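Enquirer: Please find data_3.cif (mmCIF, C-alpha atoms and all ligand atoms) on the next line:
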```
data_query
loop_
_atom_site.group_PDB
_atom_site.id
_atom_site.type_symbol
_atom_site.label_atom_id
_atom_site.label_comp_id
_atom_site.auth_asym_id
_atom_site.auth_seq_id
_atom_site.Cartn_x
_atom_site.Cartn_y
_atom_site.Cartn_z
ATOM 1 C CA MET A 1314 2.541 -4.464 19.661
ATOM 2 C CA LYS A 1315 3.780 -5.828 16.339
ATOM 3 C CA LYS A 1316 3.672 -3.775 13.151
ATOM 4 C CA ILE A 1317 3.410 -5.860 10.018
ATOM 5 C CA GLY A 1318 3.745 -4.486 6.485
ATOM 6 C CA ILE A 1319 1.766 -6.012 3.644
ATOM 7 C CA THR A 1320 2.562 -5.388 0.022
ATOM 8 C CA GLY A 1321 2.139 -6.869 -3.439
ATOM 9 C CA GLY A 1322 1.957 -5.844 -7.062
ATOM 10 C CA ILE A 1323 -1.187 -4.604 -8.744
ATOM 11 C CA GLY A 1324 -3.810 -7.355 -8.810
ATOM 12 C CA SER A 1325 -1.908 -9.606 -6.389
ATOM 13 C CA GLY A 1326 -4.855 -9.361 -4.015
ATOM 14 C CA LYS A 1327 -3.329 -7.359 -1.148
ATOM 15 C CA SER A 1328 -6.572 -5.414 -0.522
ATOM 16 C CA THR A 1329 -8.527 -8.688 -0.539
ATOM 17 C CA VAL A 1330 -6.097 -10.179 1.981
ATOM 18 C CA CYS A 1331 -6.360 -7.044 4.127
ATOM 19 C CA ARG A 1332 -10.153 -7.325 4.108
ATOM 20 C CA VAL A 1333 -9.829 -10.801 5.612
ATOM 21 C CA PHE A 1334 -7.434 -9.556 8.311
ATOM 22 C CA SER A 1335 -9.855 -6.726 8.978
ATOM 23 C CA ILE A 1336 -12.689 -9.218 9.534
ATOM 24 C CA LEU A 1337 -10.377 -10.938 12.025
ATOM 25 C CA ASN A 1338 -10.372 -7.604 13.917
ATOM 26 C CA VAL A 1339 -6.880 -6.596 12.836
ATOM 27 C CA PRO A 1340 -6.595 -2.831 12.212
ATOM 28 C CA VAL A 1341 -5.308 -2.053 8.708
ATOM 29 C CA TYR A 1342 -3.628 1.212 7.740
ATOM 30 C CA GLU A 1343 -4.046 1.738 3.995
ATOM 31 C CA ALA A 1344 -1.002 3.864 3.227
ATOM 32 C CA ASP A 1345 -1.857 4.747 -0.378
ATOM 33 C CA GLU A 1346 -5.413 5.852 0.452
ATOM 34 C CA ARG A 1347 -4.144 7.695 3.494
ATOM 35 C CA ALA A 1348 -1.453 9.487 1.438
ATOM 36 C CA LYS A 1349 -4.194 10.711 -0.919
ATOM 37 C CA TRP A 1350 -6.225 11.933 2.044
ATOM 38 C CA LEU A 1351 -3.210 13.728 3.516
ATOM 39 C CA THR A 1352 -2.545 15.634 0.271
ATOM 40 C CA ASN A 1353 -5.958 17.206 0.799
ATOM 41 C CA HIS A 1354 -6.021 17.588 4.571
ATOM 42 C CA ASP A 1355 -2.508 17.933 6.009
ATOM 43 C CA PRO A 1356 -1.714 21.682 6.092
ATOM 44 C CA ILE A 1357 2.050 21.132 6.358
ATOM 45 C CA LEU A 1358 2.048 18.821 3.343
ATOM 46 C CA LYS A 1359 -0.231 21.110 1.342
ATOM 47 C CA ALA A 1360 2.093 24.076 1.924
ATOM 48 C CA ASP A 1361 5.139 21.989 0.947
ATOM 49 C CA ILE A 1362 3.455 20.803 -2.252
ATOM 50 C CA VAL A 1363 2.522 24.363 -3.251
ATOM 51 C CA ARG A 1364 6.135 25.413 -2.641
ATOM 52 C CA LEU A 1365 7.350 22.578 -4.903
ATOM 53 C CA LEU A 1366 4.763 22.640 -7.705
ATOM 54 C CA GLY A 1367 3.133 26.051 -7.483
ATOM 55 C CA PRO A 1368 -0.410 27.150 -6.583
ATOM 56 C CA ASN A 1369 -1.990 25.129 -9.432
ATOM 57 C CA ALA A 1370 -1.371 21.992 -7.392
ATOM 58 C CA TYR A 1371 -4.653 22.889 -5.644
ATOM 59 C CA ASP A 1372 -7.877 24.108 -7.204
ATOM 60 C CA ALA A 1373 -9.877 27.115 -6.078
ATOM 61 C CA ALA A 1374 -11.690 24.997 -3.488
ATOM 62 C CA GLY A 1375 -8.336 23.861 -2.028
ATOM 63 C CA GLN A 1376 -8.658 20.330 -3.429
ATOM 64 C CA TYR A 1377 -5.528 18.544 -4.642
ATOM 65 C CA ASN A 1378 -5.345 18.803 -8.444
ATOM 66 C CA ARG A 1379 -4.223 15.240 -9.142
ATOM 67 C CA ALA A 1380 -4.334 15.656 -12.943
ATOM 68 C CA PHE A 1381 -2.098 18.761 -12.821
ATOM 69 C CA VAL A 1382 0.376 17.121 -10.453
ATOM 70 C CA ALA A 1383 0.453 13.901 -12.511
ATOM 71 C CA ALA A 1384 1.157 15.920 -15.663
ATOM 72 C CA GLN A 1385 4.013 17.778 -13.902
ATOM 73 C CA VAL A 1386 5.765 14.701 -12.570
ATOM 74 C CA PHE A 1387 4.994 12.303 -15.444
ATOM 75 C CA THR A 1388 7.999 13.307 -17.520
ATOM 76 C CA ASN A 1389 10.113 14.543 -14.643
ATOM 77 C CA PRO A 1390 11.330 11.699 -12.411
ATOM 78 C CA ASP A 1391 13.353 14.112 -10.316
ATOM 79 C CA LEU A 1392 10.274 16.153 -9.478
ATOM 80 C CA LEU A 1393 8.377 12.949 -8.682
ATOM 81 C CA LYS A 1394 11.174 11.992 -6.322
ATOM 82 C CA GLN A 1395 10.988 15.397 -4.619
ATOM 83 C CA LEU A 1396 7.197 15.090 -4.300
ATOM 84 C CA ASN A 1397 7.550 11.643 -2.723
ATOM 85 C CA THR A 1398 10.193 13.042 -0.367
ATOM 86 C CA LEU A 1399 7.524 15.464 0.869
ATOM 87 C CA ILE A 1400 4.729 12.896 1.120
ATOM 88 C CA HIS A 1401 6.588 9.995 2.775
ATOM 89 C CA PRO A 1402 7.542 11.658 6.079
ATOM 90 C CA ARG A 1403 3.956 12.916 6.482
ATOM 91 C CA VAL A 1404 2.596 9.393 5.907
ATOM 92 C CA PHE A 1405 5.152 8.102 8.426
ATOM 93 C CA ALA A 1406 4.056 10.673 11.009
ATOM 94 C CA ASP A 1407 0.414 9.834 10.344
ATOM 95 C CA THR A 1408 1.159 6.093 10.637
ATOM 96 C CA ALA A 1409 2.892 6.641 13.979
ATOM 97 C CA ARG A 1410 -0.135 8.555 15.290
ATOM 98 C CA TRP A 1411 -2.485 5.832 14.003
ATOM 99 C CA VAL A 1412 -0.358 3.087 15.586
ATOM 100 C CA ASP A 1413 -0.526 4.881 18.956
ATOM 101 C CA GLU A 1414 -4.312 4.990 18.654
ATOM 102 C CA HIS A 1415 -4.378 1.204 18.152
ATOM 103 C CA GLU A 1416 -1.857 0.184 20.801
ATOM 104 C CA GLN A 1417 -4.397 -2.065 22.533
ATOM 105 C CA TYR A 1418 -4.316 -4.487 19.572
ATOM 106 C CA PRO A 1419 -1.812 -7.378 19.505
ATOM 107 C CA TYR A 1420 -0.713 -6.373 16.016
ATOM 108 C CA VAL A 1421 -1.602 -3.996 13.180
ATOM 109 C CA LEU A 1422 -1.084 -4.103 9.420
ATOM 110 C CA LYS A 1423 0.192 -1.398 7.111
ATOM 111 C CA GLU A 1424 -0.777 -1.966 3.477
ATOM 112 C CA ALA A 1425 1.212 -0.210 0.749
ATOM 113 C CA ALA A 1426 2.057 -0.862 -2.893
ATOM 114 C CA LEU A 1427 5.621 0.257 -2.245
ATOM 115 C CA MET A 1428 7.492 -0.950 0.800
ATOM 116 C CA ASN A 1429 11.012 -1.473 2.090
ATOM 117 C CA ALA A 1430 12.082 -4.586 3.948
ATOM 118 C CA ALA A 1431 11.245 -4.656 7.671
ATOM 119 C CA GLY A 1432 13.586 -2.321 9.556
ATOM 120 C CA ASP A 1433 14.879 -0.653 6.402
ATOM 121 C CA GLY A 1434 13.857 2.972 7.048
ATOM 122 C CA ASN A 1435 10.697 1.870 8.872
ATOM 123 C CA ASP A 1436 9.756 0.279 12.188
ATOM 124 C CA LEU A 1437 7.973 -2.728 10.749
ATOM 125 C CA ASP A 1438 8.571 -6.055 12.493
ATOM 126 C CA ALA A 1439 7.886 -8.111 9.381
ATOM 127 C CA VAL A 1440 6.758 -7.775 5.785
ATOM 128 C CA VAL A 1441 4.184 -10.004 4.097
ATOM 129 C CA VAL A 1442 4.273 -10.156 0.301
ATOM 130 C CA VAL A 1443 1.129 -11.232 -1.545
ATOM 131 C CA THR A 1444 2.073 -12.898 -4.806
ATOM 132 C CA ALA A 1445 0.214 -14.184 -7.848
ATOM 133 C CA PRO A 1446 1.241 -15.060 -11.418
ATOM 134 C CA GLU A 1447 1.343 -12.020 -13.687
ATOM 135 C CA PRO A 1448 -1.268 -13.211 -16.226
ATOM 136 C CA LEU A 1449 -3.717 -13.812 -13.375
ATOM 137 C CA ARG A 1450 -3.020 -10.339 -11.947
ATOM 138 C CA VAL A 1451 -3.703 -8.776 -15.341
ATOM 139 C CA ALA A 1452 -6.924 -10.801 -15.736
ATOM 140 C CA ARG A 1453 -8.133 -9.737 -12.255
ATOM 141 C CA ILE A 1454 -7.573 -6.066 -12.957
ATOM 142 C CA ARG A 1455 -9.230 -6.377 -16.379
ATOM 143 C CA GLN A 1456 -12.257 -7.796 -14.602
ATOM 144 C CA ARG A 1457 -12.182 -5.317 -11.698
ATOM 145 C CA ASP A 1458 -11.464 -2.204 -13.830
ATOM 146 C CA PRO A 1459 -12.887 -2.946 -17.326
ATOM 147 C CA GLN A 1460 -11.973 0.572 -18.496
ATOM 148 C CA ARG A 1461 -8.256 -0.280 -18.198
ATOM 149 C CA SER A 1462 -6.583 -1.942 -21.191
ATOM 150 C CA THR A 1463 -4.124 -4.789 -20.908
ATOM 151 C CA THR A 1464 -1.398 -2.445 -22.188
ATOM 152 C CA GLU A 1465 -2.191 0.077 -19.456
ATOM 153 C CA ILE A 1466 -2.096 -2.612 -16.753
ATOM 154 C CA GLN A 1467 1.144 -4.017 -18.174
ATOM 155 C CA ALA A 1468 2.669 -0.505 -18.089
ATOM 156 C CA ILE A 1469 1.792 -0.219 -14.387
ATOM 157 C CA ILE A 1470 3.349 -3.629 -13.708
ATOM 158 C CA ASP A 1471 6.497 -2.595 -15.575
ATOM 159 C CA ARG A 1472 6.767 0.596 -13.487
ATOM 160 C CA GLN A 1473 6.429 -1.332 -10.210
ATOM 161 C CA ILE A 1474 9.393 -3.218 -8.755
ATOM 162 C CA SER A 1475 9.894 -6.704 -10.163
ATOM 163 C CA GLU A 1476 8.201 -9.624 -8.463
ATOM 164 C CA GLU A 1477 11.648 -11.102 -7.808
ATOM 165 C CA ALA A 1478 12.798 -7.933 -5.999
ATOM 166 C CA ARG A 1479 9.519 -7.708 -4.083
ATOM 167 C CA LEU A 1480 9.795 -11.293 -2.864
ATOM 168 C CA LYS A 1481 13.263 -10.488 -1.470
ATOM 169 C CA LEU A 1482 11.560 -8.090 0.992
ATOM 170 C CA ALA A 1483 9.318 -10.824 2.324
ATOM 171 C CA ASP A 1484 9.476 -12.342 5.772
ATOM 172 C CA PHE A 1485 6.275 -14.177 4.805
ATOM 173 C CA VAL A 1486 4.671 -14.895 1.433
ATOM 174 C CA LEU A 1487 0.960 -15.382 0.745
ATOM 175 C CA VAL A 1488 0.459 -17.241 -2.526
ATOM 176 C CA ASN A 1489 -2.801 -15.931 -3.964
ATOM 177 C CA ASP A 1490 -2.806 -17.935 -7.186
ATOM 178 C CA GLU A 1491 -6.258 -19.498 -6.806
ATOM 179 C CA ALA A 1492 -4.598 -22.911 -6.751
ATOM 180 C CA ASN A 1493 -3.350 -22.722 -3.155
ATOM 181 C CA LEU A 1494 -6.128 -21.979 -0.662
ATOM 182 C CA LEU A 1495 -5.735 -18.423 0.602
ATOM 183 C CA LEU A 1496 -7.723 -18.424 3.846
ATOM 184 C CA PRO A 1497 -5.660 -21.125 5.625
ATOM 185 C CA GLN A 1498 -2.491 -19.199 4.748
ATOM 186 C CA ILE A 1499 -3.948 -16.007 6.230
ATOM 187 C CA LEU A 1500 -5.162 -17.802 9.362
ATOM 188 C CA ARG A 1501 -1.724 -19.346 9.886
ATOM 189 C CA LEU A 1502 -0.101 -15.908 9.755
ATOM 190 C CA HIS A 1503 -2.788 -14.463 12.028
ATOM 191 C CA GLU A 1504 -2.060 -17.110 14.660
ATOM 192 C CA LEU A 1505 1.641 -16.482 14.329
ATOM 193 C CA PHE A 1506 1.257 -12.710 14.728
ATOM 194 C CA LEU A 1507 -1.003 -13.277 17.724
ATOM 195 C CA GLY A 1508 1.804 -15.337 19.231
ATOM 196 C CA LYS A 1509 -0.306 -18.511 19.252
ATOM 197 C CA ALA A 1510 1.894 -20.415 16.848
ATOM 198 C CA THR A 1511 5.589 -20.632 16.213
ATOM 199 C CA VAL A 1512 5.727 -22.446 12.885
ATOM 200 C CA VAL A 1513 4.234 -21.166 9.643
HETATM 201 P P1 LIG B 1 -4.300 -2.911 -6.469
HETATM 202 O O1 LIG B 1 -2.819 -2.805 -6.373
HETATM 203 O O2 LIG B 1 -4.842 -2.535 -7.799
HETATM 204 O O3 LIG B 1 -5.017 -2.211 -5.354
HETATM 205 P P2 LIG B 1 -4.613 -5.404 -5.051
HETATM 206 O O4 LIG B 1 -3.312 -6.120 -4.962
HETATM 207 O O5 LIG B 1 -5.054 -4.674 -3.837
HETATM 208 O O6 LIG B 1 -4.643 -4.489 -6.346
HETATM 209 P P3 LIG B 1 -7.195 -6.649 -5.018
HETATM 210 O O7 LIG B 1 -7.976 -5.413 -5.313
HETATM 211 O O8 LIG B 1 -7.264 -7.237 -3.653
HETATM 212 O O9 LIG B 1 -5.674 -6.503 -5.475
HETATM 213 O O10 LIG B 1 -7.605 -7.824 -6.041
HETATM 214 C C1 LIG B 1 -7.743 -7.551 -7.428
HETATM 215 C C2 LIG B 1 -9.014 -8.232 -7.937
HETATM 216 O O11 LIG B 1 -8.822 -9.656 -7.873
HETATM 217 C C3 LIG B 1 -10.235 -7.917 -7.068
HETATM 218 O O12 LIG B 1 -11.368 -7.762 -7.888
HETATM 219 C C4 LIG B 1 -10.364 -9.160 -6.175
HETATM 220 O O13 LIG B 1 -11.700 -9.399 -5.807
HETATM 221 C C5 LIG B 1 -9.825 -10.260 -7.081
HETATM 222 N N1 LIG B 1 -9.176 -11.328 -6.298
HETATM 223 C C6 LIG B 1 -8.147 -11.188 -5.452
HETATM 224 N N2 LIG B 1 -7.803 -12.383 -4.912
HETATM 225 C C7 LIG B 1 -8.656 -13.288 -5.437
HETATM 226 C C8 LIG B 1 -8.816 -14.722 -5.262
HETATM 227 N N3 LIG B 1 -8.042 -15.427 -4.460
HETATM 228 N N4 LIG B 1 -9.816 -15.318 -5.955
HETATM 229 C C9 LIG B 1 -10.589 -14.599 -6.792
HETATM 230 N N5 LIG B 1 -10.496 -13.263 -6.988
HETATM 231 C C10 LIG B 1 -9.536 -12.619 -6.328
#
```
How does this structure look as structure tokens?
Expert:
Amino acid sequence: MKKIGITGGIGSGKSTVCRVFSILNVPVYEADERAKWLTNHDPILKADIVRLLGPNAYDAAGQYNRAFVAAQVFTNPDLLKQLNTLIHPRVFADTARWVDEHEQYPYVLKEAALMNAAGDGNDLDAVVVVTAPEPLRVARIRQRDPQRSTTEIQAIIDRQISEEARLKLADFVLVNDEANLLLPQILRLHELFLGKATVV
């Protein structure tokens, strides 16, 4: 079974693309959502996080205190790195378990905002990058999340890897610029991943 990574900057439309694949009966592992879930439910990870950040990382009900953790790591990149070093292997273990549960499918997708190239510290067979012009990405997020300012969205974009660097990871690119039709591009990739086509 093939494992395909799918990534893209904020507002590129990666979740939208994944929804289409999902309708095509392709299982999608949403790594960022799953990482959030694991911080609340994985006992090994919870214990590691308490060891790193102290008991305030969880509230009295045992729920992850995202605001506290964000405040701790916001000005401390080293601590953020250490936190990610705890979270990543747990997400990898969870992904491996999830992949085993879906082995009857011809291929599965792993969606994440941050991703290495295929084979670089992961067992992905290929990486798809969803791309869109930055002003369009900002406009989409403004429309989707009206409470976020343009400055806030721009700050997130500036913290993410550059579009140029992201595109270097790509085995395949989906251009979601609302000028090129998106669905035919997705269907072409789907056929390719199903082994029904050889040329994209
Ligand atoms: P994030 O990183 O914030 O999760 P994302 O890359 O997953 O963003 P989406 O949530 O898929 O992006 O898309 C952002 C917004 O843009 C959504 O409201 C979505 O409906 C809209 N959008 C995405 N692609 C298109 C498109 N081709 N045409 C019109 N709207 C689109």
Enquirer: Closest to ligand LIG 1 (chain B) among A:Asp1433, A:Asp1458, A:Glu1504, A:Asp1484, using only C-alpha atoms and all ligand atoms?
Expert: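 Using only C-alpha atoms and all ligand atoms, ligand LIG 1 (chain B) sits closest to A:Asp1458.
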Enquirer: Please expand the PyMOL selection byres (((not hetatm)) within 7 of (chain B and resi 1)) into the concrete residues it hits in this file, giving the result as a list in words.
Expert: Gly1321, Gly1322, Ile1323, Gly1324, Ser1325, Gly1326, Lys1327, Ser1328, Thr1329, Val1330, Ala1426, Arg1453, Ile1454, Gln1456, Arg1457, Asn1489, Asp1490, Glu1491 and Leu1495 of chain A
Enquirer: Which residue is closest to Asp1391 of chain A? Choose from A:Ala1431, A:Ala1374, A:Pro1446, A:Leu1365 and count only C-alpha atoms.
Expert: A:Leu1365
Enquirer: Quick one: pull the distance between atom CA of Ala1384 of chain A and atom CA of Thr1464 of chain A, Å, one decimal.
Expert: 19.7 Å
Enquirer: Quick one: distance from atom CA of His1503 of chain A to atom CA of Val1440 of chain A in Å, one decimal?
Expert: 13.2 Å
